[in-house]
Amino acid sequence: MTHEWYASAPEDIDEVLVRLDALGNLPYTVAINVYHPEAGTGGMFMLMPGRKEVLFSPSIDRRHIPAAPAFTDLAWYLHALVPALVTTGLEGYEVKEIKY
């Protein structure tokens, strides 16, 4: 198993997307860590082979529900992410809270 790691700045997003969608990369699962400095949160997008399915894990300074701090504020993430993902062809989503 081979792993390749790259670091890029937000202004390089076009180059990152070209690399992700390169024909040679489509059969592989690819992950992107993103951080939103103004919101103080981020996470990992995992794009599955063929790029028809994406998983998001809010793993960087996860946003909690104030009245239930053990849970993630999934509504906030959906509000932030879905409008951008719809423009890429998003047809639906599934949300799960997994507590360990």
# chains A, B, ... in the order shown; residues from 1 in each chain; ligands from 1

call {"tool": "select_by_dssp", "arguments": {"residues": "region 10-94 of chain A", "states": "alpha helix (DSSP H)", "output": "PyMOL selection string"}}
result
chain A and resi 13-20+74-86

call {"tool": "write_last_selection", "arguments": {"atoms": "N, CA and C atoms", "output": "tab-separated table (two decimals), in the first residue's frame"}}
result
chain	number	residue	atom	x	y	z
A	13	ILE	N	-6.52	25.41	-4.78
A	13	ILE	CA	-7.59	24.42	-4.85
A	13	ILE	C	-7.81	23.89	-6.26
A	14	ASP	N	-7.66	24.72	-7.28
A	14	ASP	CA	-7.86	24.25	-8.65
A	14	ASP	C	-6.85	23.15	-9.01
A	15	GLU	N	-5.61	23.35	-8.61
A	15	GLU	CA	-4.57	22.34	-8.85
A	15	GLU	C	-4.87	21.04	-8.09
A	16	VAL	N	-5.35	21.18	-6.87
A	16	VAL	CA	-5.69	20.01	-6.05
A	16	VAL	C	-6.81	19.22	-6.72
A	17	LEU	N	-7.84	19.91	-7.19
A	17	LEU	CA	-8.97	19.23	-7.84
A	17	LEU	C	-8.55	18.54	-9.13
A	18	VAL	N	-7.68	19.16	-9.89
A	18	VAL	CA	-7.18	18.52	-11.12
A	18	VAL	C	-6.43	17.24	-10.76
A	19	ARG	N	-5.61	17.29	-9.72
A	19	ARG	CA	-4.86	16.10	-9.31
A	19	ARG	C	-5.80	15.01	-8.81
A	20	LEU	N	-6.84	15.38	-8.05
A	20	LEU	CA	-7.80	14.40	-7.54
A	20	LEU	C	-8.53	13.67	-8.65
A	74	LEU	N	-24.33	18.58	13.76
A	74	LEU	CA	-24.38	18.15	12.36
A	74	LEU	C	-25.14	19.14	11.48
A	75	ALA	N	-26.15	19.79	12.04
A	75	ALA	CA	-26.91	20.77	11.25
A	75	ALA	C	-26.00	21.91	10.79
A	76	TRP	N	-25.08	22.35	11.64
A	76	TRP	CA	-24.17	23.42	11.27
A	76	TRP	C	-23.30	22.97	10.09
A	77	TYR	N	-22.76	21.76	10.17
A	77	TYR	CA	-21.91	21.26	9.09
A	77	TYR	C	-22.69	21.11	7.79
A	78	LEU	N	-23.92	20.60	7.88
A	78	LEU	CA	-24.73	20.46	6.67
A	78	LEU	C	-25.02	21.82	6.04
A	79	HIS	N	-25.34	22.79	6.87
A	79	HIS	CA	-25.61	24.15	6.37
A	79	HIS	C	-24.37	24.72	5.67
A	80	ALA	N	-23.20	24.40	6.20
A	80	ALA	CA	-21.96	24.93	5.62
A	80	ALA	C	-21.53	24.17	4.37
A	81	LEU	N	-21.78	22.86	4.32
A	81	LEU	CA	-21.23	22.04	3.26
A	81	LEU	C	-22.16	21.76	2.08
A	82	VAL	N	-23.42	21.53	2.36
A	82	VAL	CA	-24.34	21.08	1.30
A	82	VAL	C	-24.43	22.07	0.15
A	83	PRO	N	-24.56	23.37	0.37
A	83	PRO	CA	-24.65	24.28	-0.78
A	83	PRO	C	-23.46	24.17	-1.73
A	84	ALA	N	-22.26	24.00	-1.19
A	84	ALA	CA	-21.08	23.86	-2.05
A	84	ALA	C	-21.06	22.51	-2.75
A	85	LEU	N	-21.48	21.46	-2.06
A	85	LEU	CA	-21.46	20.12	-2.65
A	85	LEU	C	-22.54	19.93	-3.71
A	86	VAL	N	-23.65	20.65	-3.59
A	86	VAL	CA	-24.71	20.55	-4.59
A	86	VAL	C	-24.18	20.97	-5.96

call {"tool": "residues_around", "arguments": {"residues": "Tyr35 (chain A)", "least_positions_apart": "6", "cutoff": "12 Å", "atoms": "only C-alpha atoms", "output": "PyMOL selection string"}}
result
chain A and resi 8-10+41-45+57-62

call {"tool": "residues_around", "arguments": {"residues": "Gly50 (chain A)", "least_positions_apart": "5", "cutoff": "8 Å", "atoms": "only C-alpha atoms", "output": "NGL selection string"}}
result
:A and (26-28)

call {"tool": "write_last_selection", "arguments": {"atoms": "all heavy atoms", "output": "PDB file, in the first residue's frame"}}
result
ATOM      1  N   LEU A  26      -8.527   8.153 -10.158  1.00  0.00           N
ATOM      2  CA  LEU A  26      -9.947   7.823  -9.959  1.00  0.00           C
ATOM      3  C   LEU A  26     -10.195   6.466  -9.302  1.00  0.00           C
ATOM      4  O   LEU A  26     -11.159   6.321  -8.559  1.00  0.00           O
ATOM      5  CB  LEU A  26     -10.709   7.932 -11.274  1.00  0.00           C
ATOM      6  CG  LEU A  26     -10.935   9.361 -11.778  1.00  0.00           C
ATOM      7  CD1 LEU A  26     -11.667   9.337 -13.107  1.00  0.00           C
ATOM      8  CD2 LEU A  26     -11.672  10.203 -10.763  1.00  0.00           C
ATOM      9  N   PRO A  27      -9.358   5.447  -9.502  1.00  0.00           N
ATOM     10  CA  PRO A  27      -9.628   4.162  -8.851  1.00  0.00           C
ATOM     11  C   PRO A  27      -9.281   4.147  -7.354  1.00  0.00           C
ATOM     12  O   PRO A  27      -9.513   3.153  -6.673  1.00  0.00           O
ATOM     13  CB  PRO A  27      -8.732   3.167  -9.591  1.00  0.00           C
ATOM     14  CG  PRO A  27      -8.228   3.858 -10.800  1.00  0.00           C
ATOM     15  CD  PRO A  27      -8.321   5.326 -10.524  1.00  0.00           C
ATOM     16  N   TYR A  28      -8.727   5.224  -6.834  1.00  0.00           N
ATOM     17  CA  TYR A  28      -8.253   5.244  -5.453  1.00  0.00           C
ATOM     18  C   TYR A  28      -9.116   6.110  -4.549  1.00  0.00           C
ATOM     19  O   TYR A  28      -9.705   7.094  -4.987  1.00  0.00           O
ATOM     20  CB  TYR A  28      -6.814   5.773  -5.389  1.00  0.00           C
ATOM     21  CG  TYR A  28      -5.856   4.924  -6.181  1.00  0.00           C
ATOM     22  CD1 TYR A  28      -5.415   5.332  -7.431  1.00  0.00           C
ATOM     23  CD2 TYR A  28      -5.424   3.704  -5.681  1.00  0.00           C
ATOM     24  CE1 TYR A  28      -4.557   4.548  -8.169  1.00  0.00           C
ATOM     25  CE2 TYR A  28      -4.560   2.902  -6.416  1.00  0.00           C
ATOM     26  CZ  TYR A  28      -4.127   3.335  -7.655  1.00  0.00           C
ATOM     27  OH  TYR A  28      -3.287   2.543  -8.392  1.00  0.00           O
TER      28      TYR A  28
END

call {"tool": "residues_around", "arguments": {"residues": "Lys52 (chain A)", "least_positions_apart": "2", "cutoff": "10 Å", "atoms": "only C-alpha atoms", "output": "PDB file with C-alpha atoms, in the first residue's frame"}}
result
ATOM      1  CA  LEU A  47     -13.545  10.737  -1.775  1.00  0.00           C
ATOM      2  CA  MET A  48     -14.292   7.156  -2.711  1.00  0.00           C
ATOM      3  CA  PRO A  49     -13.117   5.526  -5.982  1.00  0.00           C
ATOM      4  CA  GLY A  50     -14.912   7.008  -8.989  1.00  0.00           C
ATOM      5  CA  VAL A  54     -17.747  11.423  -0.358  1.00  0.00           C
ATOM      6  CA  GLY A  89     -23.458  16.995  -8.363  1.00  0.00           C
ATOM      7  CA  LEU A  90     -24.484  15.985  -4.832  1.00  0.00           C
ATOM      8  CA  GLU A  91     -27.741  14.060  -5.061  1.00  0.00           C
TER       9      GLU A  91
END

call {"tool": "atom_distance", "arguments": {"atom1": "CA of Leu55 (chain A)", "atom2": "CA of Ala67 (chain A)"}}
result
26.1 Å

call {"tool": "residues_around", "arguments": {"residues": "Glu97 (chain A)", "least_positions_apart": "6", "cutoff": "10 Å", "atoms": "only C-alpha atoms", "output": "PyMOL selection string"}}
result
chain A and resi 71-74

call {"tool": "write_last_selection", "arguments": {"atoms": "N, CA, C and O atoms", "output": "mmCIF file, in the first residue's frame"}}
result
data_model
loop_
_atom_site.group_PDB
_atom_site.id
_atom_site.type_symbol
_atom_site.label_atom_id
_atom_site.label_comp_id
_atom_site.auth_asym_id
_atom_site.auth_seq_id
_atom_site.Cartn_x
_atom_site.Cartn_y
_atom_site.Cartn_z
ATOM 1 N N PHE A 71 -22.428 15.680 21.640
ATOM 2 C CA PHE A 71 -22.846 15.449 20.258
ATOM 3 C C PHE A 71 -22.338 16.544 19.333
ATOM 4 O O PHE A 71 -22.148 17.690 19.730
ATOM 5 N N THR A 72 -22.168 16.179 18.068
ATOM 6 C CA THR A 72 -21.705 17.100 17.035
ATOM 7 C C THR A 72 -22.884 17.892 16.481
ATOM 8 O O THR A 72 -23.967 17.348 16.290
ATOM 9 N N ASP A 73 -22.664 19.158 16.209
ATOM 10 C CA ASP A 73 -23.688 20.003 15.616
ATOM 11 C C ASP A 73 -23.748 19.715 14.110
ATOM 12 O O ASP A 73 -23.256 20.479 13.275
ATOM 13 N N LEU A 74 -24.330 18.585 13.755
ATOM 14 C CA LEU A 74 -24.384 18.152 12.364
ATOM 15 C C LEU A 74 -25.144 19.139 11.480
ATOM 16 O O LEU A 74 -24.794 19.318 10.312
#

call {"tool": "residues_around", "arguments": {"residues": "His3 (chain A)", "least_positions_apart": "2", "cutoff": "12 Å", "atoms": "only C-alpha atoms", "output": "list in words"}}
result
Met1, Trp5, Tyr6, Tyr28, Thr29, Val30 and Ala31 of chain A

call {"tool": "write_last_selection", "arguments": {"atoms": "all heavy atoms", "output": "compact mmCIF listing (two decimals), in the first residue's frame"}}
result
# COMPACT_ATOMS: atom_id res chain seq x y z
N MET A 1 0.85 -1.17 0.00
CA MET A 1 0.00 0.00 0.00
C MET A 1 0.89 1.23 0.00
O MET A 1 1.81 1.34 0.78
CB MET A 1 -0.89 -0.01 1.25
CG MET A 1 -1.84 1.12 1.25
SD MET A 1 -2.94 1.29 2.71
CE MET A 1 -3.32 -0.34 3.20
N TRP A 5 1.40 12.11 0.23
CA TRP A 5 0.90 13.24 1.00
C TRP A 5 1.31 14.53 0.31
O TRP A 5 2.44 14.67 -0.13
CB TRP A 5 1.48 13.23 2.42
CG TRP A 5 1.05 12.05 3.19
CD1 TRP A 5 1.74 10.88 3.33
CD2 TRP A 5 -0.15 11.89 3.93
NE1 TRP A 5 1.02 10.01 4.10
CE2 TRP A 5 -0.14 10.59 4.49
CE3 TRP A 5 -1.25 12.71 4.15
CZ2 TRP A 5 -1.17 10.11 5.27
CZ3 TRP A 5 -2.29 12.22 4.94
CH2 TRP A 5 -2.23 10.94 5.49
N TYR A 6 0.39 15.46 0.23
CA TYR A 6 0.65 16.77 -0.35
C TYR A 6 0.06 17.82 0.58
O TYR A 6 -0.96 17.58 1.21
CB TYR A 6 -0.01 16.92 -1.73
CG TYR A 6 0.47 15.90 -2.74
CD1 TYR A 6 -0.22 14.73 -2.95
CD2 TYR A 6 1.61 16.15 -3.49
CE1 TYR A 6 0.22 13.80 -3.88
CE2 TYR A 6 2.06 15.23 -4.42
CZ TYR A 6 1.36 14.06 -4.61
OH TYR A 6 1.80 13.14 -5.53
N TYR A 28 -8.73 5.22 -6.83
CA TYR A 28 -8.25 5.24 -5.45
C TYR A 28 -9.12 6.11 -4.55
O TYR A 28 -9.71 7.09 -4.99
CB TYR A 28 -6.81 5.77 -5.39
CG TYR A 28 -5.86 4.92 -6.18
CD1 TYR A 28 -5.42 5.33 -7.43
CD2 TYR A 28 -5.42 3.70 -5.68
CE1 TYR A 28 -4.56 4.55 -8.17
CE2 TYR A 28 -4.56 2.90 -6.42
CZ TYR A 28 -4.13 3.33 -7.65
OH TYR A 28 -3.29 2.54 -8.39
N THR A 29 -9.16 5.74 -3.29
CA THR A 29 -9.77 6.58 -2.27
C THR A 29 -8.78 7.70 -1.96
O THR A 29 -7.59 7.45 -1.79
CB THR A 29 -10.05 5.76 -1.00
OG1 THR A 29 -10.96 4.72 -1.32
CG2 THR A 29 -10.63 6.64 0.11
N VAL A 30 -9.29 8.92 -1.92
CA VAL A 30 -8.44 10.08 -1.68
C VAL A 30 -9.05 10.89 -0.54
O VAL A 30 -10.27 11.07 -0.48
CB VAL A 30 -8.36 10.97 -2.95
CG1 VAL A 30 -7.53 12.21 -2.69
CG2 VAL A 30 -7.80 10.18 -4.11
N ALA A 31 -8.22 11.35 0.37
CA ALA A 31 -8.70 12.15 1.50
C ALA A 31 -8.09 13.54 1.44
O ALA A 31 -6.95 13.72 1.05
CB ALA A 31 -8.34 11.49 2.81

call {"tool": "select_by_dssp", "arguments": {"residues": "region 11-53 of chain A", "states": "strand (DSSP E or B)", "output": "mmCIF file with C-alpha atoms, in the first residue's frame"}}
result
data_model
loop_
_atom_site.group_PDB
_atom_site.id
_atom_site.type_symbol
_atom_site.label_atom_id
_atom_site.label_comp_id
_atom_site.auth_asym_id
_atom_site.auth_seq_id
_atom_site.Cartn_x
_atom_site.Cartn_y
_atom_site.Cartn_z
ATOM 1 C CA VAL A 30 -8.445 10.085 -1.683
ATOM 2 C CA ALA A 31 -8.700 12.150 1.495
ATOM 3 C CA ILE A 32 -8.466 15.908 1.917
ATOM 4 C CA ASN A 33 -8.126 17.601 5.295
ATOM 5 C CA VAL A 34 -9.764 21.018 5.350
ATOM 6 C CA TYR A 35 -9.849 23.726 7.991
ATOM 7 C CA HIS A 36 -12.071 26.796 8.098
ATOM 8 C CA THR A 41 -13.377 23.891 12.697
ATOM 9 C CA GLY A 42 -12.574 21.436 9.958
ATOM 10 C CA GLY A 43 -12.310 17.809 9.088
ATOM 11 C CA MET A 44 -11.531 15.211 6.508
ATOM 12 C CA PHE A 45 -13.247 14.632 3.175
ATOM 13 C CA MET A 46 -12.725 11.097 1.906
ATOM 14 C CA LEU A 47 -13.545 10.737 -1.775
#

call {"tool": "atom_distance", "arguments": {"atom1": "CA of Lys99 (chain A)", "atom2": "CA of Phe56 (chain A)"}}
result
15.5 Å

call {"tool": "closest_residue", "arguments": {"among": "A:Thr88, A:Pro66, A:Asn25, A:Glu38", "to": "Glu53 (chain A)", "atoms": "only C-alpha atoms"}}
result
A:Thr88

call {"tool": "atom_distance", "arguments": {"atom1": "CA of Gly40 (chain A)", "atom2": "CA of His64 (chain A)"}}
result
11.9 Å

call {"tool": "decode", "arguments": {"residues": "region 59-89 of chain A", "atoms": "N, CA, C and O atoms", "output": "PDB file, in the first residue's frame"}}
result
ATOM      1  N   SER A  59     -13.461  16.232  12.255  1.00  0.00           N
ATOM      2  CA  SER A  59     -12.482  15.772  13.235  1.00  0.00           C
ATOM      3  C   SER A  59     -11.502  16.831  13.726  1.00  0.00           C
ATOM      4  O   SER A  59     -10.675  16.543  14.578  1.00  0.00           O
ATOM      5  N   ILE A  60     -11.591  18.049  13.207  1.00  0.00           N
ATOM      6  CA  ILE A  60     -10.681  19.108  13.648  1.00  0.00           C
ATOM      7  C   ILE A  60     -11.489  20.145  14.417  1.00  0.00           C
ATOM      8  O   ILE A  60     -12.328  20.839  13.858  1.00  0.00           O
ATOM      9  N   ASP A  61     -11.262  20.227  15.721  1.00  0.00           N
ATOM     10  CA  ASP A  61     -12.003  21.166  16.573  1.00  0.00           C
ATOM     11  C   ASP A  61     -13.504  21.081  16.297  1.00  0.00           C
ATOM     12  O   ASP A  61     -14.159  22.062  15.943  1.00  0.00           O
ATOM     13  N   ARG A  62     -14.020  19.867  16.467  1.00  0.00           N
ATOM     14  CA  ARG A  62     -15.420  19.559  16.169  1.00  0.00           C
ATOM     15  C   ARG A  62     -16.360  20.540  16.855  1.00  0.00           C
ATOM     16  O   ARG A  62     -16.180  20.919  17.998  1.00  0.00           O
ATOM     17  N   ARG A  63     -17.379  20.956  16.126  1.00  0.00           N
ATOM     18  CA  ARG A  63     -18.397  21.874  16.639  1.00  0.00           C
ATOM     19  C   ARG A  63     -19.453  21.063  17.385  1.00  0.00           C
ATOM     20  O   ARG A  63     -20.052  20.152  16.834  1.00  0.00           O
ATOM     21  N   HIS A  64     -19.682  21.408  18.636  1.00  0.00           N
ATOM     22  CA  HIS A  64     -20.628  20.684  19.489  1.00  0.00           C
ATOM     23  C   HIS A  64     -21.972  21.405  19.563  1.00  0.00           C
ATOM     24  O   HIS A  64     -22.071  22.591  19.292  1.00  0.00           O
ATOM     25  N   ILE A  65     -23.003  20.671  19.973  1.00  0.00           N
ATOM     26  CA  ILE A  65     -24.303  21.266  20.260  1.00  0.00           C
ATOM     27  C   ILE A  65     -24.226  21.813  21.684  1.00  0.00           C
ATOM     28  O   ILE A  65     -23.945  21.054  22.622  1.00  0.00           O
ATOM     29  N   PRO A  66     -24.446  23.108  21.893  1.00  0.00           N
ATOM     30  CA  PRO A  66     -24.287  23.687  23.233  1.00  0.00           C
ATOM     31  C   PRO A  66     -25.095  22.975  24.327  1.00  0.00           C
ATOM     32  O   PRO A  66     -24.601  22.762  25.426  1.00  0.00           O
ATOM     33  N   ALA A  67     -26.317  22.591  24.021  1.00  0.00           N
ATOM     34  CA  ALA A  67     -27.152  21.941  25.038  1.00  0.00           C
ATOM     35  C   ALA A  67     -26.832  20.460  25.213  1.00  0.00           C
ATOM     36  O   ALA A  67     -27.303  19.839  26.158  1.00  0.00           O
ATOM     37  N   ALA A  68     -26.029  19.901  24.306  1.00  0.00           N
ATOM     38  CA  ALA A  68     -25.648  18.481  24.380  1.00  0.00           C
ATOM     39  C   ALA A  68     -24.211  18.349  23.877  1.00  0.00           C
ATOM     40  O   ALA A  68     -23.962  17.872  22.773  1.00  0.00           O
ATOM     41  N   PRO A  69     -23.226  18.793  24.662  1.00  0.00           N
ATOM     42  CA  PRO A  69     -21.849  18.889  24.187  1.00  0.00           C
ATOM     43  C   PRO A  69     -21.192  17.566  23.794  1.00  0.00           C
ATOM     44  O   PRO A  69     -20.162  17.572  23.137  1.00  0.00           O
ATOM     45  N   ALA A  70     -21.794  16.450  24.136  1.00  0.00           N
ATOM     46  CA  ALA A  70     -21.230  15.163  23.711  1.00  0.00           C
ATOM     47  C   ALA A  70     -21.543  14.872  22.247  1.00  0.00           C
ATOM     48  O   ALA A  70     -20.988  13.944  21.662  1.00  0.00           O
ATOM     49  N   PHE A  71     -22.428  15.680  21.640  1.00  0.00           N
ATOM     50  CA  PHE A  71     -22.846  15.449  20.258  1.00  0.00           C
ATOM     51  C   PHE A  71     -22.338  16.544  19.333  1.00  0.00           C
ATOM     52  O   PHE A  71     -22.148  17.690  19.730  1.00  0.00           O
ATOM     53  N   THR A  72     -22.168  16.179  18.068  1.00  0.00           N
ATOM     54  CA  THR A  72     -21.705  17.100  17.035  1.00  0.00           C
ATOM     55  C   THR A  72     -22.884  17.892  16.481  1.00  0.00           C
ATOM     56  O   THR A  72     -23.967  17.348  16.290  1.00  0.00           O
ATOM     57  N   ASP A  73     -22.664  19.158  16.209  1.00  0.00           N
ATOM     58  CA  ASP A  73     -23.688  20.003  15.616  1.00  0.00           C
ATOM     59  C   ASP A  73     -23.748  19.715  14.110  1.00  0.00           C
ATOM     60  O   ASP A  73     -23.256  20.479  13.275  1.00  0.00           O
ATOM     61  N   LEU A  74     -24.330  18.585  13.755  1.00  0.00           N
ATOM     62  CA  LEU A  74     -24.384  18.152  12.364  1.00  0.00           C
ATOM     63  C   LEU A  74     -25.144  19.139  11.480  1.00  0.00           C
ATOM     64  O   LEU A  74     -24.794  19.318  10.312  1.00  0.00           O
ATOM     65  N   ALA A  75     -26.152  19.789  12.037  1.00  0.00           N
ATOM     66  CA  ALA A  75     -26.912  20.768  11.251  1.00  0.00           C
ATOM     67  C   ALA A  75     -26.001  21.906  10.789  1.00  0.00           C
ATOM     68  O   ALA A  75     -26.112  22.382   9.654  1.00  0.00           O
ATOM     69  N   TRP A  76     -25.085  22.345  11.644  1.00  0.00           N
ATOM     70  CA  TRP A  76     -24.169  23.418  11.266  1.00  0.00           C
ATOM     71  C   TRP A  76     -23.296  22.970  10.087  1.00  0.00           C
ATOM     72  O   TRP A  76     -23.113  23.711   9.119  1.00  0.00           O
ATOM     73  N   TYR A  77     -22.760  21.760  10.170  1.00  0.00           N
ATOM     74  CA  TYR A  77     -21.913  21.255   9.094  1.00  0.00           C
ATOM     75  C   TYR A  77     -22.692  21.113   7.788  1.00  0.00           C
ATOM     76  O   TYR A  77     -22.197  21.451   6.717  1.00  0.00           O
ATOM     77  N   LEU A  78     -23.918  20.597   7.876  1.00  0.00           N
ATOM     78  CA  LEU A  78     -24.735  20.459   6.668  1.00  0.00           C
ATOM     79  C   LEU A  78     -25.018  21.817   6.036  1.00  0.00           C
ATOM     80  O   LEU A  78     -24.936  21.977   4.822  1.00  0.00           O
ATOM     81  N   HIS A  79     -25.335  22.793   6.867  1.00  0.00           N
ATOM     82  CA  HIS A  79     -25.610  24.145   6.369  1.00  0.00           C
ATOM     83  C   HIS A  79     -24.369  24.722   5.669  1.00  0.00           C
ATOM     84  O   HIS A  79     -24.480  25.419   4.657  1.00  0.00           O
ATOM     85  N   ALA A  80     -23.198  24.403   6.203  1.00  0.00           N
ATOM     86  CA  ALA A  80     -21.961  24.930   5.625  1.00  0.00           C
ATOM     87  C   ALA A  80     -21.531  24.170   4.375  1.00  0.00           C
ATOM     88  O   ALA A  80     -20.987  24.769   3.446  1.00  0.00           O
ATOM     89  N   LEU A  81     -21.781  22.859   4.323  1.00  0.00           N
ATOM     90  CA  LEU A  81     -21.226  22.038   3.255  1.00  0.00           C
ATOM     91  C   LEU A  81     -22.158  21.758   2.084  1.00  0.00           C
ATOM     92  O   LEU A  81     -21.719  21.722   0.933  1.00  0.00           O
ATOM     93  N   VAL A  82     -23.425  21.527   2.362  1.00  0.00           N
ATOM     94  CA  VAL A  82     -24.336  21.082   1.301  1.00  0.00           C
ATOM     95  C   VAL A  82     -24.427  22.071   0.145  1.00  0.00           C
ATOM     96  O   VAL A  82     -24.354  21.659  -1.018  1.00  0.00           O
ATOM     97  N   PRO A  83     -24.558  23.371   0.375  1.00  0.00           N
ATOM     98  CA  PRO A  83     -24.650  24.285  -0.781  1.00  0.00           C
ATOM     99  C   PRO A  83     -23.458  24.174  -1.729  1.00  0.00           C
ATOM    100  O   PRO A  83     -23.628  24.198  -2.949  1.00  0.00           O
ATOM    101  N   ALA A  84     -22.257  24.002  -1.189  1.00  0.00           N
ATOM    102  CA  ALA A  84     -21.076  23.856  -2.055  1.00  0.00           C
ATOM    103  C   ALA A  84     -21.062  22.506  -2.754  1.00  0.00           C
ATOM    104  O   ALA A  84     -20.703  22.406  -3.928  1.00  0.00           O
ATOM    105  N   LEU A  85     -21.484  21.459  -2.064  1.00  0.00           N
ATOM    106  CA  LEU A  85     -21.456  20.123  -2.654  1.00  0.00           C
ATOM    107  C   LEU A  85     -22.541  19.934  -3.714  1.00  0.00           C
ATOM    108  O   LEU A  85     -22.367  19.156  -4.643  1.00  0.00           O
ATOM    109  N   VAL A  86     -23.648  20.652  -3.593  1.00  0.00           N
ATOM    110  CA  VAL A  86     -24.714  20.555  -4.591  1.00  0.00           C
ATOM    111  C   VAL A  86     -24.177  20.974  -5.961  1.00  0.00           C
ATOM    112  O   VAL A  86     -24.527  20.384  -6.981  1.00  0.00           O
ATOM    113  N   THR A  87     -23.301  21.955  -5.994  1.00  0.00           N
ATOM    114  CA  THR A  87     -22.755  22.423  -7.267  1.00  0.00           C
ATOM    115  C   THR A  87     -21.840  21.393  -7.914  1.00  0.00           C
ATOM    116  O   THR A  87     -21.530  21.505  -9.089  1.00  0.00           O
ATOM    117  N   THR A  88     -21.403  20.374  -7.159  1.00  0.00           N
ATOM    118  CA  THR A  88     -20.534  19.335  -7.713  1.00  0.00           C
ATOM    119  C   THR A  88     -21.321  18.091  -8.108  1.00  0.00           C
ATOM    120  O   THR A  88     -20.734  17.091  -8.498  1.00  0.00           O
ATOM    121  N   GLY A  89     -22.650  18.137  -7.967  1.00  0.00           N
ATOM    122  CA  GLY A  89     -23.458  16.995  -8.363  1.00  0.00           C
ATOM    123  C   GLY A  89     -24.026  16.194  -7.204  1.00  0.00           C
ATOM    124  O   GLY A  89     -24.565  15.110  -7.407  1.00  0.00           O
TER     125      GLY A  89
END
